[in-house]
$ cat input.tsv   # TSV, C-alpha atoms
chain	number	residue	atom	x	y	z
A	1363	ALA	CA	24.95	-73.31	44.35
A	1364	VAL	CA	22.10	-75.80	43.94
A	1365	ALA	CA	24.45	-78.76	44.56
A	1366	ALA	CA	25.94	-77.14	47.65
A	1367	ALA	CA	22.49	-76.29	49.03
A	1368	ALA	CA	21.17	-79.82	48.39
A	1369	THR	CA	24.24	-81.38	50.03
A	1370	ALA	CA	23.88	-79.15	53.08
A	1371	LEU	CA	20.16	-79.95	53.32
A	1372	ALA	CA	20.87	-83.69	53.10
A	1373	ALA	CA	23.55	-83.40	55.78
A	1374	TRP	CA	21.07	-81.63	58.05
A	1375	ALA	CA	18.23	-84.11	57.34
A	1376	ALA	CA	20.31	-87.33	57.48
A	1377	PRO	CA	23.72	-86.65	59.06
A	1378	ASP	CA	24.68	-90.32	59.53
A	1379	ALA	CA	23.89	-91.27	55.93
A	1380	SER	CA	25.71	-88.20	54.64
A	1381	ARG	CA	28.77	-88.98	56.71
A	1382	PHE	CA	28.81	-92.58	55.45
A	1383	TYR	CA	28.51	-91.43	51.81
A	1384	TRP	CA	31.24	-88.78	51.91
A	1385	THR	CA	33.72	-90.83	53.96
A	1386	GLN	CA	33.20	-94.38	52.60
A	1387	ALA	CA	30.68	-94.98	49.81
A	1388	LEU	CA	31.97	-92.23	47.53
A	1389	TRP	CA	35.43	-93.80	47.36
A	1390	ASP	CA	34.22	-97.38	46.74
A	1391	THR	CA	34.10	-97.59	42.95
A	1392	GLY	CA	33.16	-101.25	43.06
A	1393	ARG	CA	29.70	-100.40	44.37
A	1394	VAL	CA	28.66	-98.69	41.12
A	1395	GLY	CA	27.59	-101.90	39.41
A	1396	ARG	CA	28.42	-104.13	36.44
A	1397	LEU	CA	29.44	-102.47	33.21
A	1398	ASP	CA	27.32	-104.91	31.17
A	1399	TYR	CA	24.14	-104.17	33.14
A	1400	VAL	CA	21.46	-103.22	30.60
A	1401	SER	CA	20.81	-99.91	32.32
A	1402	ASN	CA	24.32	-98.76	31.40
A	1403	GLN	CA	23.47	-96.99	28.15
A	1404	SER	CA	26.92	-95.66	27.32
A	1405	LEU	CA	29.54	-96.66	24.77
A	1406	GLN	CA	31.31	-98.73	27.38
A	1407	GLY	CA	28.03	-100.45	28.22
A	1408	VAL	CA	27.67	-101.50	24.58
A	1409	LEU	CA	31.19	-102.92	24.50
A	1410	ALA	CA	30.73	-104.64	27.86
A	1411	ARG	CA	27.59	-106.42	26.71
A	1412	LEU	CA	29.36	-107.54	23.56
A	1413	THR	CA	32.27	-109.09	25.46
A	1414	ALA	CA	30.48	-110.26	28.65
A	1415	PRO	CA	31.50	-111.95	30.87
A	1416	SER	CA	34.97	-110.69	29.88
A	1417	GLU	CA	36.02	-107.10	30.38
A	1418	PRO	CA	35.71	-104.86	27.29
A	1419	SER	CA	38.82	-103.67	25.49
A	1420	ARG	CA	39.99	-100.39	26.96
A	1421	ALA	CA	41.65	-99.41	23.69
A	1422	ALA	CA	38.40	-99.96	21.77
A	1423	TRP	CA	36.48	-97.85	24.29
A	1424	GLU	CA	39.06	-95.04	24.13
A	1425	ALA	CA	38.90	-95.04	20.33
A	1426	ALA	CA	35.10	-94.83	20.41
A	1427	VAL	CA	35.28	-92.00	22.94
A	1428	ALA	CA	37.78	-90.09	20.79
A	1429	LEU	CA	35.53	-90.45	17.74
A	1430	VAL	CA	32.47	-89.22	19.63
A	1431	LEU	CA	34.39	-86.26	21.03
A	1432	ALA	CA	35.57	-85.36	17.53
A	1433	VAL	CA	31.98	-85.35	16.27
A	1434	TRP	CA	30.90	-83.34	19.31
A	1435	LEU	CA	33.66	-80.78	18.71
A	1436	TRP	CA	32.73	-80.41	15.03
A	1437	ARG	CA	28.99	-80.04	15.60
A	1438	THR	CA	29.33	-77.78	18.64
A	1439	HIS	CA	31.68	-75.52	16.70
A	1440	ARG	CA	29.05	-75.20	13.98
A	1441	ALA	CA	26.38	-74.42	16.54
A	1442	LEU	CA	28.49	-71.73	18.20
A	1443	ARG	CA	29.38	-70.17	14.85
A	1444	GLY	CA	25.66	-69.86	14.17
A	1445	GLY	CA	25.02	-68.40	17.61
A	1446	ASP	CA	22.94	-71.44	18.62
A	1447	LEU	CA	23.89	-71.84	22.28
A	1448	ARG	CA	20.87	-74.05	22.93
A	1449	ALA	CA	22.08	-76.67	20.45
A	1450	ALA	CA	25.67	-76.44	21.72
A	1451	PHE	CA	24.47	-77.14	25.25
A	1452	ALA	CA	22.32	-80.06	24.06
A	1453	LEU	CA	25.19	-81.60	22.08
A	1454	THR	CA	27.41	-81.44	25.16
A	1455	GLY	CA	24.83	-83.33	27.18
A	1456	LEU	CA	24.60	-86.01	24.49
A	1457	ALA	CA	28.37	-86.46	24.31
A	1458	ALA	CA	28.63	-86.68	28.10
A	1459	CYS	CA	26.13	-89.56	28.18
A	1460	LEU	CA	28.05	-91.43	25.50
A	1461	VAL	CA	31.61	-91.07	26.81
A	1462	SER	CA	30.86	-91.58	30.50
A	1463	PRO	CA	32.02	-95.04	31.63
A	1464	ILE	CA	28.61	-95.64	33.18
A	1465	THR	CA	25.42	-93.88	32.09
A	1466	TRP	CA	22.46	-95.26	33.94
A	1467	VAL	CA	19.08	-94.66	32.35
A	1468	HIS	CA	18.24	-91.87	34.79
A	1469	HIS	CA	21.40	-90.06	33.63
A	1470	LEU	CA	19.72	-89.70	30.23
A	1471	VAL	CA	17.93	-86.67	31.62
A	1472	TRP	CA	20.74	-84.89	29.73
A	1473	LEU	CA	18.90	-85.77	26.52
A	1474	LEU	CA	16.08	-83.38	27.42
A	1475	PRO	CA	17.88	-80.27	26.05
A	1476	SER	CA	17.96	-82.04	22.68
A	1477	PHE	CA	14.18	-82.32	22.72
A	1478	ALA	CA	13.98	-78.59	23.41
A	1479	VAL	CA	16.08	-78.06	20.27
A	1480	LEU	CA	13.84	-80.37	18.23
A	1481	VAL	CA	10.70	-78.57	19.38
A	1482	HIS	CA	12.33	-75.21	18.64
A	1483	ALA	CA	13.15	-76.43	15.12
A	1484	ARG	CA	9.53	-77.61	14.60
A	1485	ARG	CA	10.54	-81.31	14.52
A	1486	LEU	CA	7.61	-82.23	16.73
A	1487	ARG	CA	6.96	-85.72	15.32
A	1488	ILE	CA	10.57	-86.77	15.74
A	1489	ALA	CA	10.69	-85.37	19.26
A	1490	GLY	CA	7.45	-87.11	20.21
A	1491	ALA	CA	8.49	-90.48	18.78
A	1492	LEU	CA	11.93	-90.47	20.41
A	1493	TYR	CA	10.53	-89.34	23.73
A	1494	ALA	CA	7.96	-92.14	23.66
A	1495	VAL	CA	10.70	-94.73	23.03
A	1496	LEU	CA	12.84	-93.34	25.84
A	1497	CYS	CA	9.88	-93.58	28.22
A	1498	SER	CA	9.02	-97.14	27.19
A	1499	SER	CA	11.78	-98.98	29.14
A	1500	VAL	CA	12.31	-101.04	26.01
A	1501	VAL	CA	15.92	-101.95	26.87
A	1502	TRP	CA	14.74	-104.08	29.81
A	1503	LEU	CA	13.31	-106.60	27.37
A	1504	TRP	CA	16.93	-107.80	27.14
A	1505	PHE	CA	17.58	-107.68	30.87
A	1506	ASP	CA	18.43	-111.39	31.09
A	1507	ASP	CA	20.14	-111.94	27.75
A	1508	PRO	CA	21.41	-108.99	25.67
A	1509	SER	CA	23.30	-111.29	23.28
A	1510	GLY	CA	22.64	-111.75	19.57
A	1511	ILE	CA	21.66	-109.24	16.93
A	1512	ASP	CA	18.38	-108.41	18.63
A	1513	GLY	CA	20.14	-107.86	21.93
A	1514	PHE	CA	22.79	-105.69	20.29
A	1515	LEU	CA	20.16	-103.51	18.59
A	1516	GLY	CA	17.37	-103.52	21.18
A	1517	GLY	CA	19.42	-103.68	24.36
A	1518	ASN	CA	21.32	-100.54	23.33
A	1519	THR	CA	18.34	-98.60	21.99
A	1520	TYR	CA	19.04	-95.52	24.09
A	1521	VAL	CA	22.66	-95.44	22.95
A	1522	TRP	CA	21.54	-95.43	19.31
A	1523	ILE	CA	19.08	-92.61	20.03
A	1524	THR	CA	21.82	-90.60	21.71
A	1525	LEU	CA	24.20	-91.19	18.79
A	1526	GLY	CA	21.50	-90.25	16.29
A	1527	LEU	CA	20.81	-87.00	18.10
A	1528	LEU	CA	24.52	-86.20	18.27
A	1529	LEU	CA	24.80	-86.65	14.49
A	1530	GLY	CA	21.48	-85.23	13.36
A	1531	LEU	CA	20.38	-82.61	15.87
A	1532	PRO	CA	19.49	-79.42	13.94
A	1533	VAL	CA	21.93	-76.64	14.77
A	1534	GLY	CA	22.20	-73.01	13.77
A	1535	HIS	CA	18.46	-72.31	13.86
A	1536	PRO	CA	17.73	-68.73	14.95
A	1537	ARG	CA	14.90	-68.07	17.36
A	1538	VAL	CA	11.55	-68.33	15.61
A	1539	GLY	CA	9.36	-65.34	16.40
A	1540	PRO	CA	7.32	-62.52	14.89
A	1541	PRO	CA	9.21	-60.20	12.55
A	1542	SER	CA	10.50	-57.03	14.06
A	1543	LEU	CA	8.69	-53.71	13.53
A	1544	ARG	CA	11.62	-52.31	11.56
A	1545	ARG	CA	11.51	-55.23	9.11
A	1546	LEU	CA	7.74	-54.89	8.73
A	1547	VAL	CA	8.04	-51.17	7.99
A	1548	ASN	CA	10.82	-51.73	5.46
A	1549	ALA	CA	8.85	-54.48	3.75
A	1550	THR	CA	5.56	-52.54	3.51
A	1551	ALA	CA	6.77	-48.94	2.95
A	1552	PRO	CA	5.76	-47.83	-0.60
A	1553	ALA	CA	8.38	-46.56	-2.98
A	1554	PRO	CA	8.35	-42.78	-3.61
A	1555	THR	CA	6.32	-41.86	-6.71
A	1556	ALA	CA	7.11	-39.29	-9.35
A	1557	ALA	CA	4.29	-37.05	-8.14
A	1558	ALA	CA	5.60	-37.16	-4.58
A	1559	THR	CA	9.05	-36.28	-5.86
A	1560	ALA	CA	7.66	-33.35	-7.84
A	1561	SER	CA	5.85	-31.96	-4.78
A	1562	VAL	CA	9.06	-31.55	-2.76
A	1563	PRO	CA	9.56	-27.80	-2.31
A	1564	VAL	CA	12.85	-26.08	-3.10
A	1565	VAL	CA	14.09	-24.52	0.11
A	1566	SER	CA	17.16	-22.69	-1.10
A	1567	GLY	CA	17.03	-19.78	-3.47
A	1568	GLN	CA	19.44	-21.33	-5.91
A	1569	PRO	CA	18.13	-24.66	-7.26
A	1570	GLY	CA	20.57	-27.54	-6.93
A	1571	PRO	CA	20.84	-30.80	-8.82
A	1572	SER	CA	18.10	-32.45	-6.78
A	1573	SER	CA	15.65	-29.59	-7.40
A	1574	ARG	CA	16.41	-29.61	-11.13
A	1575	ALA	CA	15.77	-33.35	-11.22
A	1576	ALA	CA	12.48	-32.81	-9.40
A	1577	ALA	CA	11.49	-30.09	-11.88
A	1578	LEU	CA	12.26	-32.32	-14.84
A	1579	THR	CA	10.25	-35.15	-13.26
A	1580	ALA	CA	7.31	-32.81	-12.60
A	1581	GLY	CA	7.41	-31.63	-16.23
A	1582	ALA	CA	7.38	-35.19	-17.46
A	1583	VAL	CA	4.39	-35.99	-15.23
A	1584	ARG	CA	2.45	-32.94	-16.50
A	1585	ALA	CA	3.26	-33.82	-20.12
A	1586	GLU	CA	2.10	-37.37	-19.44
A	1587	ASP	CA	-1.15	-36.09	-17.96
A	1588	ARG	CA	-1.77	-33.87	-21.01
A	1589	SER	CA	-1.11	-36.71	-23.43
A	1590	GLY	CA	-3.54	-39.04	-21.68
A	1591	GLY	CA	-1.13	-41.27	-19.74
A	1592	SER	CA	1.85	-43.36	-20.52
A	1593	GLU	CA	-0.02	-45.50	-23.01
A	1594	PRO	CA	0.83	-44.61	-26.64
A	1595	THR	CA	-2.87	-44.43	-27.58
A	1596	GLY	CA	-3.68	-41.80	-24.96
A	1597	LEU	CA	-7.37	-41.49	-24.14
A	1598	THR	CA	-8.64	-43.22	-27.29
A	1599	ARG	CA	-9.01	-46.54	-25.44
A	1600	PRO	CA	-12.51	-46.89	-23.93
A	1601	ALA	CA	-12.71	-47.21	-20.19
A	1602	ALA	CA	-13.39	-50.69	-18.86
A	1603	ALA	CA	-16.83	-51.32	-17.52
A	1604	ASN	CA	-17.18	-51.27	-13.76
A	1605	PRO	CA	-18.56	-54.67	-12.76
A	1606	GLN	CA	-19.76	-53.26	-9.43
A	1607	SER	CA	-21.71	-50.26	-10.82
A	1608	SER	CA	-25.26	-49.71	-9.67
A	1609	SER	CA	-26.67	-50.07	-13.21
A	1610	GLU	CA	-25.10	-53.49	-13.69
A	1611	ARG	CA	-26.30	-54.67	-10.32
A	1612	ALA	CA	-29.80	-53.44	-11.20
A	1613	SER	CA	-29.79	-55.18	-14.59
A	1614	SER	CA	-28.49	-58.42	-13.15
$ encode --input "input.tsv" --output "structure tokens"
Amino acid sequence: AVAAAATALAAWAAPDASRFYWTQALWDTGRVGRLDYVSNQSLQGVLARLTAPSEPSRAAWEAAVALVLAVWLWRTHRALRGGDLRAAFALTGLAACLVSPITWVHHLVWLLPSFAVLVHARRLRIAGALYAVLCSSVVWLWFDDPSGIDGFLGGNTYVWITLGLLLGLPVGHPRVGPPSLRRLVNATAPAPTAAATASVPVVSGQPGPSSRAAALTAGAVRAEDRSGGSEPTGLTRPAAANPQSSSERASS
């Protein structure tokens, strides 16, 4: 709906340019640009810069695409099994940037869902560092010459970040939030005591097993009270001094 509305608005605002795009420019694939241009941060861009000025091997690119799609399928399956739709969506955006024949730098907006996942998983330092590198335009340092080891590593920095996120993005993390009221009640509710059990009245005229058990428990509690507690020495042990008594505070 958004795409259709934007297209209609563009056609209304600039009818001649829209007509030229939809009838001519869209079908001219040669206008897209060179595959080895440093702004092409896809797998094919990496291969094209390695083999420039020759065309990259199509078989090598297809093998790399198949491998990335296999990793995407595995990790997305894990995310969906854990109910983590956010991570599954982010992984799909990462894979799309890698397997597309041309991924200009502005197409890397599809990495933003991954940063939402990192923030959700409390990986704030990693998210901040990667976002700073992506905003640095570092790949243009090799605009003129992306050859050599430094060109291979630095000129494809955004590809390596995308691959790293595809492999290491945390998946299966449930939503972090305050515990539910039911869990709080279950965690803080005290266990029933023997005295509370003994105070349960017998409703029916004929005592059942539960009432007999309550009577036995009440008898044990009364016997324990008469004997001075559960300690074998009863009341012979002197009571501990109260450190907060008024006499001690006065003497100190």
$ residues_around --input "input.tsv" --residues "A:Ala1426" --least-positions-apart "4" --cutoff "12 Å" --atoms "all atoms listed in the file" --output "list in words"
Ser1404, Leu1405, Gln1406, Gly1407, Val1408, Leu1409, Ser1419, Arg1420, Ala1421, Ala1422, Val1430, Leu1431, Ala1432, Val1433, Ala1457, Leu1460, Val1461, Ser1462, Pro1463 and Leu1525 of chain A
$ atom_distance --input "input.tsv" --atom1 "atom CA of A:Arg1484" --atom2 "atom CA of A:His1469"
25.7 Å
$ atom_distance --input "input.tsv" --atom1 "atom CA of A:Val1364" --atom2 "atom CA of A:Phe1382"
21.4 Å
$ atom_distance --input "input.tsv" --atom1 "atom CA of A:Pro1532" --atom2 "atom CA of A:Gly1444"
11.4 Å
$ residues_around --input "input.tsv" --residues "A:Ser1380" --least-positions-apart "5" --cutoff "12 Å" --atoms "all atoms listed in the file" --output "PyMOL selection string"
chain A and resi 1368-1375+1385-1388
$ residues_around --input "input.tsv" --residues "A:Leu1470" --least-positions-apart "6" --cutoff "9 Å" --atoms "only C-alpha atoms" --output "PyMOL selection string"
chain A and resi 1403+1455-1456+1459+1496+1520+1524
